[in-house]
Amino acid sequence: MASPAAYTYLDHAATTPMRPQAVAAMLPFLSERFANPSGSHRFAREARRAIDEARDVVADVIGCRPSEIVFTGSGTEADNTAVLGSVARSGGTAACSATEHHAVLECVEKIGGHTVAVSAAGEIDLAALTATLQRAPDVTVVSVMAVNNEVGTINDLAAVRKVMRQHAPKALLHTDAVQAACWLDLRAITPHVDFLSLSAHKFGGPKGVGLLVARQDAQFAPTLIGGGQEAERRSGTHNVGGIVAMAEALRLTDANRAADIARIAPLRDRLVDGLVANVPGVHETVARDRKVAGSAHVCIEGIENESLLFMLDEASVCASAAAACAAGAMEPSHVLAAMGVARELVLGAVRFSLGVTSTEADVDRGIEVVAEAVQRLRRVRVTS
């Protein structure tokens, strides 16, 4: 097996490498600073102080009050809490875009909610949202992701909020912003929403820790009870090291975002342009001015992505077909289906995604390997 350094990693939307500074911030809490922050002795108080300091850092980057931060075990937990918790508290039901991550979509389906159509670019259809809210006055929470996890499309949350003010003024707005932190200033999103979800491993933090922003007037029933942590909004012993590392990763992401985008966007363009030039039948899924800088989602004619991804893996190139959570199932993407992409193209969909560690060498290697693999697959298809 090749060493990690030998891999060409083009799957940052699935997870990002941890930032060294986040690792360094986390390590003391895995060794000498191991105390339970719910305790009463001085070592527990030190751990609790570290959480409070991390909460302040995170709140500053997001643009909310520290008291509005609820630390969770994942972005999925944050999404579940926002949708199911708000409905449990206020009654009614939920609505979401048809391209949401399954952490939102399955919650909405479970409670008999409504899915809203999207455009060919994957943006929520505001006219369809209007019709849904007019038809279903019992909707008490609407969930629309800031950035789509598969194709990178950016949603206009200010426009969504405007529609809700007109047709569901008492409903709460949740955004799954898990894919947004690397690419968008969260302070520009927060004023438009009542709930916002993040997951640390998408921006250089560790897996197994996330957060939910619950604005001061956004009430919800907790989904985890029994310990009273997080002001009784989320019970369970805090992952102190994970929270501290997440705060450091988010701080660095925010500080370096503009420079990172300026460097990564041309790499993304080089990758997609190189694929189009060297592989006949490559279609860029979403226009670049409508998606984030790290997204290079394409559909390739005449191949099956499962076979292509196997060959890329054999060549130590990392990519994916859809959301990382669904990769093992290899089912056709519900996102692309909702966007109206032809099924024959959906079967050849591949998500390449770049991040802070991406280089020109990664891009050039990716183009080379994909071109060779597609050529081989098409040759086999013709001769079989």
# chains A, B, ... in the order shown; residues from 1 in each chain; ligands from 1
$ closest_atom_pairs --of "segment 42-94 of chain A" --to "segment 105-121 of chain A" --cutoff "12 Å" --atoms "only C-alpha atoms" --output "JSON lines"
{"residue": "A:Thr76", "atom": "CA", "partner": "A:Cys107", "partner_atom": "CA", "distance": 10.4}
{"residue": "A:Glu77", "atom": "CA", "partner": "A:Cys107", "partner_atom": "CA", "distance": 11.0}
{"residue": "A:Ala78", "atom": "CA", "partner": "A:Cys107", "partner_atom": "CA", "distance": 11.7}
{"residue": "A:Asp79", "atom": "CA", "partner": "A:Cys107", "partner_atom": "CA", "distance": 8.6}
{"residue": "A:Asn80", "atom": "CA", "partner": "A:Cys107", "partner_atom": "CA", "distance": 6.5}
{"residue": "A:Thr81", "atom": "CA", "partner": "A:Cys107", "partner_atom": "CA", "distance": 9.5}
{"residue": "A:Ala82", "atom": "CA", "partner": "A:Cys107", "partner_atom": "CA", "distance": 9.8}
{"residue": "A:Val83", "atom": "CA", "partner": "A:Cys107", "partner_atom": "CA", "distance": 6.8}
{"residue": "A:Leu84", "atom": "CA", "partner": "A:Cys107", "partner_atom": "CA", "distance": 6.6}
{"residue": "A:Gly85", "atom": "CA", "partner": "A:Cys107", "partner_atom": "CA", "distance": 10.3}
{"residue": "A:Ser86", "atom": "CA", "partner": "A:Cys107", "partner_atom": "CA", "distance": 11.5}
{"residue": "A:Val87", "atom": "CA", "partner": "A:Ile111", "partner_atom": "CA", "distance": 8.8}
{"residue": "A:Ala88", "atom": "CA", "partner": "A:Ile111", "partner_atom": "CA", "distance": 10.1}
{"residue": "A:Gly91", "atom": "CA", "partner": "A:Ile111", "partner_atom": "CA", "distance": 10.6}
{"residue": "A:Gly92", "atom": "CA", "partner": "A:Gly113", "partner_atom": "CA", "distance": 9.0}
{"residue": "A:Thr93", "atom": "CA", "partner": "A:Gly113", "partner_atom": "CA", "distance": 5.5}
{"residue": "A:Ala94", "atom": "CA", "partner": "A:Gly113", "partner_atom": "CA", "distance": 4.9}
$ select_by_dssp --residues "segment 159-258 of chain A" --states "alpha helix (DSSP H)" --output "ChimeraX atom specification"
/A:159-167,229-232,240-258
$ write_last_selection --atoms "N, CA and C atoms" --output "compact mmCIF listing (two decimals), in the first residue's frame"
# COMPACT_ATOMS: atom_id res chain seq x y z
N ALA A 159 -32.31 35.52 0.19
CA ALA A 159 -33.52 35.42 -0.63
C ALA A 159 -34.49 34.40 -0.04
N VAL A 160 -33.96 33.32 0.51
CA VAL A 160 -34.81 32.32 1.17
C VAL A 160 -35.52 32.96 2.36
N ARG A 161 -34.78 33.69 3.15
CA ARG A 161 -35.38 34.36 4.32
C ARG A 161 -36.46 35.34 3.89
N LYS A 162 -36.25 36.04 2.79
CA LYS A 162 -37.26 37.00 2.31
C LYS A 162 -38.56 36.29 1.97
N VAL A 163 -38.46 35.14 1.30
CA VAL A 163 -39.66 34.36 0.98
C VAL A 163 -40.35 33.91 2.27
N MET A 164 -39.57 33.48 3.24
CA MET A 164 -40.16 33.01 4.50
C MET A 164 -40.84 34.14 5.25
N ARG A 165 -40.29 35.34 5.22
CA ARG A 165 -40.93 36.47 5.89
C ARG A 165 -42.32 36.74 5.31
N GLN A 166 -42.44 36.51 4.01
CA GLN A 166 -43.70 36.79 3.33
C GLN A 166 -44.73 35.68 3.55
N HIS A 167 -44.26 34.43 3.59
CA HIS A 167 -45.21 33.31 3.55
C HIS A 167 -45.17 32.40 4.77
N GLN A 229 -25.40 19.21 30.02
CA GLN A 229 -24.37 20.06 29.46
C GLN A 229 -24.95 20.99 28.38
N GLU A 230 -24.14 21.98 27.99
CA GLU A 230 -24.54 22.98 26.99
C GLU A 230 -25.88 23.63 27.36
N ALA A 231 -25.96 24.06 28.61
CA ALA A 231 -27.16 24.72 29.13
C ALA A 231 -28.39 23.86 28.90
N GLU A 232 -28.23 22.55 29.10
CA GLU A 232 -29.29 21.55 28.95
C GLU A 232 -29.81 21.44 27.52
N VAL A 240 -13.36 17.81 24.86
CA VAL A 240 -12.61 19.05 25.08
C VAL A 240 -11.54 19.25 24.01
N GLY A 241 -10.74 18.22 23.79
CA GLY A 241 -9.69 18.34 22.78
C GLY A 241 -10.25 18.63 21.40
N GLY A 242 -11.34 17.96 21.05
CA GLY A 242 -11.95 18.20 19.74
C GLY A 242 -12.49 19.60 19.62
N ILE A 243 -13.11 20.12 20.67
CA ILE A 243 -13.67 21.47 20.64
C ILE A 243 -12.56 22.51 20.50
N VAL A 244 -11.49 22.34 21.26
CA VAL A 244 -10.36 23.28 21.19
C VAL A 244 -9.73 23.25 19.81
N ALA A 245 -9.56 22.03 19.27
CA ALA A 245 -8.97 21.91 17.93
C ALA A 245 -9.88 22.50 16.87
N MET A 246 -11.18 22.29 17.00
CA MET A 246 -12.13 22.87 16.04
C MET A 246 -12.05 24.38 16.04
N ALA A 247 -11.97 24.98 17.22
CA ALA A 247 -11.90 26.43 17.30
C ALA A 247 -10.64 26.96 16.62
N GLU A 248 -9.52 26.29 16.83
CA GLU A 248 -8.28 26.73 16.20
C GLU A 248 -8.34 26.56 14.69
N ALA A 249 -8.90 25.45 14.23
CA ALA A 249 -9.02 25.22 12.79
C ALA A 249 -9.94 26.25 12.15
N LEU A 250 -11.04 26.58 12.83
CA LEU A 250 -11.97 27.56 12.28
C LEU A 250 -11.35 28.95 12.26
N ARG A 251 -10.60 29.28 13.29
CA ARG A 251 -9.93 30.58 13.34
C ARG A 251 -8.97 30.73 12.17
N LEU A 252 -8.17 29.71 11.93
CA LEU A 252 -7.20 29.75 10.84
C LEU A 252 -7.89 29.76 9.48
N THR A 253 -8.95 28.99 9.36
CA THR A 253 -9.71 28.98 8.10
C THR A 253 -10.23 30.36 7.78
N ASP A 254 -10.77 31.03 8.78
CA ASP A 254 -11.30 32.38 8.58
C ASP A 254 -10.20 33.37 8.24
N ALA A 255 -9.08 33.27 8.94
CA ALA A 255 -7.98 34.22 8.71
C ALA A 255 -7.35 34.06 7.33
N ASN A 256 -7.33 32.83 6.82
CA ASN A 256 -6.63 32.55 5.56
C ASN A 256 -7.57 32.36 4.38
N ARG A 257 -8.87 32.52 4.58
CA ARG A 257 -9.84 32.16 3.54
C ARG A 257 -9.60 32.89 2.22
N ALA A 258 -9.43 34.18 2.27
CA ALA A 258 -9.27 34.94 1.02
C ALA A 258 -8.05 34.48 0.24
$ residues_around --residues "Asp269 of chain A" --least-positions-apart "6" --cutoff "12 Å" --atoms "only C-alpha atoms" --output "VMD selection string"
chain A and resid 261 to 263 275 to 277 284 287 to 289 292 to 297 352 to 354 360 363 to 364 367
$ write_last_selection --atoms "N, CA and C atoms" --output "compact mmCIF listing (two decimals), in the first residue's frame"
# COMPACT_ATOMS: atom_id res chain seq x y z
N ILE A 261 -8.66 30.94 -1.23
CA ILE A 261 -9.53 30.95 -2.40
C ILE A 261 -8.77 31.46 -3.63
N ALA A 262 -7.97 32.51 -3.42
CA ALA A 262 -7.20 33.07 -4.55
C ALA A 262 -6.23 32.05 -5.13
N ARG A 263 -5.73 31.14 -4.32
CA ARG A 263 -4.81 30.11 -4.81
C ARG A 263 -5.54 28.89 -5.34
N LEU A 275 -9.36 18.32 -17.65
CA LEU A 275 -10.21 17.16 -17.90
C LEU A 275 -11.00 17.34 -19.19
N VAL A 276 -11.57 18.52 -19.38
CA VAL A 276 -12.35 18.78 -20.59
C VAL A 276 -11.47 18.66 -21.84
N ALA A 277 -10.23 19.16 -21.75
CA ALA A 277 -9.34 19.14 -22.91
C ALA A 277 -8.80 17.75 -23.22
N GLU A 284 -18.86 19.79 -17.12
CA GLU A 284 -18.80 20.45 -15.81
C GLU A 284 -20.23 20.64 -15.31
N ALA A 287 -21.84 25.84 -13.23
CA ALA A 287 -20.99 26.95 -13.64
C ALA A 287 -20.16 27.45 -12.45
N ARG A 288 -18.94 27.88 -12.74
CA ARG A 288 -18.01 28.21 -11.67
C ARG A 288 -18.42 29.42 -10.84
N ASP A 289 -19.18 30.33 -11.44
CA ASP A 289 -19.59 31.52 -10.68
C ASP A 289 -20.78 31.24 -9.76
N VAL A 292 -18.59 27.07 -5.05
CA VAL A 292 -17.39 27.44 -4.30
C VAL A 292 -16.12 27.06 -5.05
N ALA A 293 -15.02 27.66 -4.64
CA ALA A 293 -13.77 27.56 -5.39
C ALA A 293 -13.16 26.17 -5.39
N GLY A 294 -13.47 25.34 -4.40
CA GLY A 294 -12.84 24.03 -4.34
C GLY A 294 -13.57 22.93 -5.06
N SER A 295 -14.74 23.24 -5.62
CA SER A 295 -15.59 22.20 -6.22
C SER A 295 -15.28 22.00 -7.69
N ALA A 296 -15.00 20.74 -8.06
CA ALA A 296 -14.71 20.40 -9.46
C ALA A 296 -15.52 19.17 -9.86
N HIS A 297 -16.82 19.23 -9.67
CA HIS A 297 -17.70 18.11 -9.98
C HIS A 297 -17.93 18.03 -11.49
N PHE A 352 -14.53 15.74 -7.66
CA PHE A 352 -13.18 16.14 -7.28
C PHE A 352 -13.31 17.41 -6.44
N SER A 353 -12.59 17.48 -5.35
CA SER A 353 -12.68 18.67 -4.50
C SER A 353 -11.30 19.00 -3.95
N LEU A 354 -10.96 20.28 -4.01
CA LEU A 354 -9.63 20.75 -3.62
C LEU A 354 -9.69 21.49 -2.30
N GLU A 360 -0.44 22.13 -7.74
CA GLU A 360 -0.46 21.93 -9.18
C GLU A 360 -0.11 20.49 -9.54
N VAL A 363 -3.17 18.35 -9.23
CA VAL A 363 -4.09 18.58 -10.34
C VAL A 363 -3.60 17.88 -11.61
N ASP A 364 -2.34 18.07 -11.91
CA ASP A 364 -1.80 17.47 -13.14
C ASP A 364 -1.82 15.95 -13.07
N ILE A 367 -5.47 14.81 -13.67
CA ILE A 367 -5.84 14.86 -15.09
C ILE A 367 -5.25 13.67 -15.83
$ select_by_dssp --residues "segment 234-351 of chain A" --states "strand (DSSP E)" --output "MDAnalysis selection string"
chainID A and resid 282:284 295:300 317:318 349:351
$ closest_residue --among "A:Asp217, A:Glu68, A:Asp176, A:Asp313" --to "Leu198 of chain A" --atoms "only C-alpha atoms"
A:Asp176
$ closest_residue --among "A:Pro222, A:Gly210, A:Gly348, A:Gly204" --to "Pro20 of chain A" --atoms "only C-alpha atoms"
A:Gly204
$ closest_residue --among "A:Val193, A:Met339, A:Arg270, A:Ala321" --to "Ile124 of chain A" --atoms "only C-alpha atoms"
A:Met339
$ closest_residue --among "A:Ile303, A:Val317, A:Ala349, A:Val209" --to "Val380 of chain A" --atoms "only C-alpha atoms"
A:Ile303
